[in-house]
Structures are given as structure tokens and as C-alpha cells.
$ cat my_file.cif   # mmCIF, C-alpha atoms
data_input
loop_
_atom_site.label_atom_id
_atom_site.label_comp_id
_atom_site.auth_asym_id
_atom_site.auth_seq_id
_atom_site.Cartn_x
_atom_site.Cartn_y
_atom_site.Cartn_z
CA MET E 1 13.78 -141.98 1.96
CA ILE E 2 13.75 -140.89 -1.67
CA GLU E 3 15.22 -144.11 -3.03
CA TYR E 4 12.94 -146.19 -0.81
CA VAL E 5 9.78 -144.49 -2.13
CA ARG E 6 11.03 -144.76 -5.71
CA GLY E 7 11.57 -148.48 -5.20
CA GLN E 8 8.14 -149.08 -3.66
CA ARG E 9 6.11 -146.87 -6.08
CA ALA E 10 2.85 -146.99 -4.07
CA GLY E 11 1.42 -146.45 -0.62
CA THR E 12 -1.59 -145.59 1.46
CA VAL E 13 -2.58 -141.99 2.09
CA SER E 14 -4.90 -141.05 4.92
CA THR E 15 -6.84 -137.81 4.96
CA ILE E 16 -9.37 -136.31 7.34
CA GLY E 17 -12.99 -136.73 6.23
CA PRO E 18 -15.69 -134.10 6.69
CA GLY E 19 -16.77 -135.52 10.05
CA GLY E 20 -13.20 -135.89 11.31
CA ALA E 21 -12.93 -139.62 10.59
CA PRO E 22 -9.86 -140.92 8.73
CA GLN E 23 -10.25 -141.91 5.08
CA ALA E 24 -7.52 -143.94 3.40
CA ALA E 25 -6.65 -144.79 -0.20
CA TYR E 26 -3.95 -146.98 -1.73
CA LEU E 27 -2.36 -145.32 -4.77
CA THR E 28 0.75 -144.78 -6.84
CA LEU E 29 3.31 -142.43 -5.30
CA ALA E 30 6.30 -140.63 -6.71
CA ILE E 31 8.80 -138.44 -4.91
CA THR E 32 10.80 -135.42 -6.05
CA ASP E 33 14.52 -134.96 -5.51
CA ARG E 34 13.49 -132.55 -2.72
CA GLY E 35 11.63 -135.31 -0.87
CA GLU E 36 8.13 -134.13 -1.76
CA PHE E 37 5.61 -136.92 -2.28
CA VAL E 38 3.55 -136.60 -5.47
CA PHE E 39 0.34 -138.34 -6.50
CA ASP E 40 -2.61 -137.67 -8.74
CA ALA E 41 -6.33 -137.89 -8.06
CA LYS E 42 -9.63 -137.24 -9.77
CA PRO E 43 -10.81 -133.72 -8.96
CA ASP E 44 -14.07 -135.03 -7.46
CA SER E 45 -12.44 -137.68 -5.23
CA ARG E 46 -12.84 -137.78 -1.46
CA LYS E 47 -9.12 -137.20 -0.91
CA VAL E 48 -9.13 -134.02 -3.00
CA ALA E 49 -12.17 -132.64 -1.14
CA ASN E 50 -10.62 -133.60 2.19
CA LEU E 51 -7.25 -132.00 1.36
CA ARG E 52 -8.84 -128.79 0.09
CA ARG E 53 -10.57 -128.52 3.48
CA ASP E 54 -7.65 -129.72 5.64
CA GLY E 55 -4.19 -130.35 4.18
CA ARG E 56 -2.99 -132.67 6.94
CA ILE E 57 -2.11 -136.11 5.60
CA ALA E 58 -0.40 -139.35 6.64
CA ILE E 59 1.32 -141.74 4.23
CA VAL E 60 2.54 -145.31 4.69
CA VAL E 61 4.82 -146.84 2.06
CA GLY E 62 5.93 -150.46 1.96
CA GLY E 63 4.97 -153.34 4.18
CA ALA E 64 5.06 -156.36 1.91
CA ASP E 65 8.82 -156.86 2.30
CA GLY E 66 8.87 -156.25 6.06
CA THR E 67 9.90 -152.58 5.83
CA THR E 68 7.76 -149.45 6.10
CA LEU E 69 8.06 -145.72 5.82
CA GLN E 70 5.52 -143.74 7.80
CA CYS E 71 5.15 -140.01 7.16
CA GLU E 72 3.01 -137.11 8.20
CA GLY E 73 2.87 -133.77 6.47
CA ALA E 74 0.94 -131.12 4.63
CA ALA E 75 -0.55 -131.56 1.18
CA ASP E 76 -1.16 -128.83 -1.35
CA PHE E 77 -2.00 -128.31 -5.01
CA PRO E 78 1.20 -126.94 -6.55
CA ALA E 79 1.17 -124.30 -9.27
CA GLY E 80 3.73 -122.77 -11.61
CA THR E 81 7.25 -124.16 -11.42
CA GLY E 82 6.30 -126.29 -8.39
CA LEU E 83 3.64 -128.01 -10.47
CA ASP E 84 6.07 -128.49 -13.35
CA ARG E 85 8.62 -130.10 -11.00
CA CYS E 86 6.01 -132.37 -9.38
CA GLU E 87 4.50 -133.44 -12.70
CA ALA E 88 7.98 -134.21 -14.05
CA ALA E 89 8.77 -136.42 -11.03
CA TYR E 90 5.42 -138.19 -11.29
CA LEU E 91 5.67 -138.81 -15.02
CA ALA E 92 9.28 -140.00 -14.71
CA ALA E 93 7.96 -142.70 -12.36
CA PHE E 94 4.68 -143.33 -14.21
CA PRO E 95 4.93 -142.33 -17.88
CA GLU E 96 1.74 -144.30 -18.55
CA PHE E 97 -0.22 -141.48 -16.85
CA THR E 98 0.98 -138.76 -19.24
CA GLU E 99 -2.37 -138.55 -21.02
CA SER E 100 -4.28 -138.11 -17.75
CA ILE E 101 -1.92 -135.38 -16.53
CA ASP E 102 -1.75 -133.56 -19.88
CA GLY E 103 -5.49 -133.90 -20.47
CA GLY E 104 -6.45 -132.38 -17.13
CA GLY E 105 -8.45 -135.41 -16.01
CA VAL E 106 -6.59 -135.46 -12.69
CA VAL E 107 -5.05 -133.00 -10.28
CA VAL E 108 -1.51 -133.33 -8.99
CA LEU E 109 -0.96 -133.14 -5.25
CA ARG E 110 2.26 -132.56 -3.37
CA VAL E 111 3.01 -133.59 0.21
CA VAL E 112 5.82 -131.99 2.14
CA PRO E 113 6.61 -134.37 5.01
CA THR E 114 7.10 -132.90 8.48
CA TRP E 115 7.81 -136.23 10.21
CA ALA E 116 9.01 -139.61 8.95
CA ARG E 117 10.01 -142.94 10.44
CA PHE E 118 11.48 -146.00 8.74
CA GLY E 119 10.78 -149.42 10.19
CA ASP E 120 12.54 -152.68 9.41
CA PHE E 121 10.71 -155.69 10.83
CA ARG E 122 12.58 -158.42 8.93
CA SER E 123 14.66 -159.62 11.88
CA GLY E 124 13.76 -160.71 15.40
CA THR E 125 14.38 -157.20 16.72
CA PRO E 126 12.48 -154.46 14.87
CA GLU E 127 14.50 -151.41 13.91
CA LEU E 128 12.68 -148.06 14.02
CA ARG E 129 14.50 -144.95 12.90
CA GLU E 130 13.17 -141.41 12.67
CA ILE E 131 14.30 -139.63 9.55
CA ARG E 132 15.65 -136.10 9.77
CA LEU E 133 13.84 -133.86 7.34
CA PRO E 134 15.08 -130.53 6.00
#
$ encode --input "my_file.cif" --output "C-alpha cells"
Amino acid sequence: MIEYVRGQRAGTVSTIGPGGAPQAAYLTLAITDRGEFVFDAKPDSRKVANLRRDGRIAIVVGGADGTTLQCEGAADFPAGTGLDRCEAAYLAAFPEFTESIDGGGVVVLRVVPTWARFGDFRSGTPELREIRLP
């Protein structure tokens, strides 16, 4: 899962809007060595407001090459050493965002997946495999 996300570098996150409707956004994604998804967002974005209210989130990575990774989990706003670890993973993948992270123009979010499934649809018979998570 970790190498797959690092190779794809982006995905769609879906959060729960104020009325309960899904709201999705396509964005850059990094992943820590622990398997935590990391992304940044403007503090006044819909996804940040949604996740402050309800941390449940779904993520889909891939698709263009016929493979996907679907995940569900809980998002939070890490602090302390957790934030340091998540920022380091994000900036290792996307050093061009250093100024935004260091300048405080964005918040860093972490997603700990609770369920994941990999799908490979490149052959005549699709392969779906649930991924064991720690």
C-alpha cells in the first residue's frame, strides 16, 4: 500500500458535508512509513470544516492505469512529533510545498486507514484484495 500511494502521488478524498452529503476533492497525497495518509489543505476549505466536525473520510488512489486503492479511515490534525513526522513525509514527496507548510498557509491532515482494498482491473478478470492493516 505504501509504495503504491508513493507511486501515484494523488487521489480523491471524500468527506461528509454539513447536511450529510458527500463532498470530494482531488489532491496530492503522501503516506508515512506507518501507512498514514498525509495531505494539506487551506484552513478555510470545505474538507477542513467537514473533518473538524466529523473525521470520517474515504480515499481513492489510482485509476488511470487500471488499478485502484480504496480506503476508509479517520482523519485528524496531528500535533507535536506526529505533525513533524507527517510534515516530513509530505515534504519528502512534495518539496515544492515547503513554503506553504512552513509559512502556515495550510494545515496538515493525517488519515489512519481502518479498511483498504486494492483492485486490479487490467485483465479480463478483476482482482480485488482487502489489505490487512495494523
$ closest_atom_pairs --input "my_file.cif" --of "stretch 31-115 of chain E" --to "stretch 14-24 of chain E" --cutoff "9 Å" --atoms "only C-alpha atoms" --output "Markdown table"
| residue | atom | partner | partner_atom | distance |
| --- | --- | --- | --- | --- |
| E:Arg46 | CA | E:Gly17 | CA | 7.8 |
| E:Lys47 | CA | E:Thr15 | CA | 6.3 |
| E:Ala49 | CA | E:Gly17 | CA | 8.5 |
| E:Asn50 | CA | E:Gly17 | CA | 5.6 |
| E:Leu51 | CA | E:Thr15 | CA | 6.8 |
| E:Arg53 | CA | E:Pro18 | CA | 8.2 |
| E:Asp54 | CA | E:Ile16 | CA | 7.0 |
| E:Gly55 | CA | E:Thr15 | CA | 8.0 |
| E:Arg56 | CA | E:Thr15 | CA | 6.7 |
| E:Ile57 | CA | E:Thr15 | CA | 5.1 |
| E:Ala58 | CA | E:Ser14 | CA | 5.1 |
| E:Ile59 | CA | E:Ser14 | CA | 6.3 |
| E:Val60 | CA | E:Ser14 | CA | 8.6 |
$ residues_around --input "my_file.cif" --residues "E:Pro78" --least-positions-apart "4" --cutoff "7 Å" --atoms "all atoms listed in the file" --output "CSV table (one decimal) with C-alpha atoms, in the frame of the given file"
chain,number,residue,atom,x,y,z
E,82,GLY,CA,6.3,-126.3,-8.4
E,83,LEU,CA,3.6,-128.0,-10.5
E,109,LEU,CA,-1.0,-133.1,-5.2
E,110,ARG,CA,2.3,-132.6,-3.4
$ closest_residue --input "my_file.cif" --among "E:Ala92, E:Glu3, E:Val108, E:Gln70" --to "E:Arg129" --atoms "all atoms listed in the file"
E:Gln70
$ resolve_selection --input "my_file.cif" --expression "the PyMOL selection byres ((chain E and resi 86) around 9)" --output "ChimeraX atom specification"
/E:30-32,36-39,78,81-85,87-91,108-110
$ closest_residue --input "my_file.cif" --among "E:Gly124, E:Gly11, E:Pro113, E:Gly119" --to "E:Arg34" --atoms "only C-alpha atoms"
E:Pro113
$ closest_residue --input "my_file.cif" --among "E:Gly80, E:Gly62, E:Gly73, E:Ala41" --to "E:Phe121" --atoms "all atoms listed in the file"
E:Gly62
$ residues_around --input "my_file.cif" --residues "E:Ser100" --least-positions-apart "2" --cutoff "12 Å" --atoms "all atoms listed in the file" --output "PyMOL selection string"
chain E and resi 40-43+87+90-91+94-98+102-108
$ axis_aligned_box --input "my_file.cif" --around "stretch 96-113 of chain E" --padding-each-side "6 Å" --output "AutoDock Vina command-line options"
--center_x -0.9 --center_y -138.1 --center_z -8.0 --size_x 27.1 --size_y 24.3 --size_z 38.0
$ atom_distance --input "my_file.cif" --atom1 "atom CA of E:Trp115" --atom2 "atom CA of E:Arg132"
7.9 Å
$ closest_residue --input "my_file.cif" --among "E:Thr28, E:Leu69, E:Ile101, E:Ala74" --to "E:Leu128" --atoms "all atoms listed in the file"
E:Leu69
$ closest_residue --input "my_file.cif" --among "E:Arg52, E:Asp120, E:Leu133, E:Ala10" --to "E:Phe77" --atoms "only C-alpha atoms"
E:Arg52
$ atom_distance --input "my_file.cif" --atom1 "atom CA of E:Gln8" --atom2 "atom CA of E:Val61"
7.0 Å
$ atom_distance --input "my_file.cif" --atom1 "atom CA of E:Thr12" --atom2 "atom CA of E:Ala64"
12.7 Å
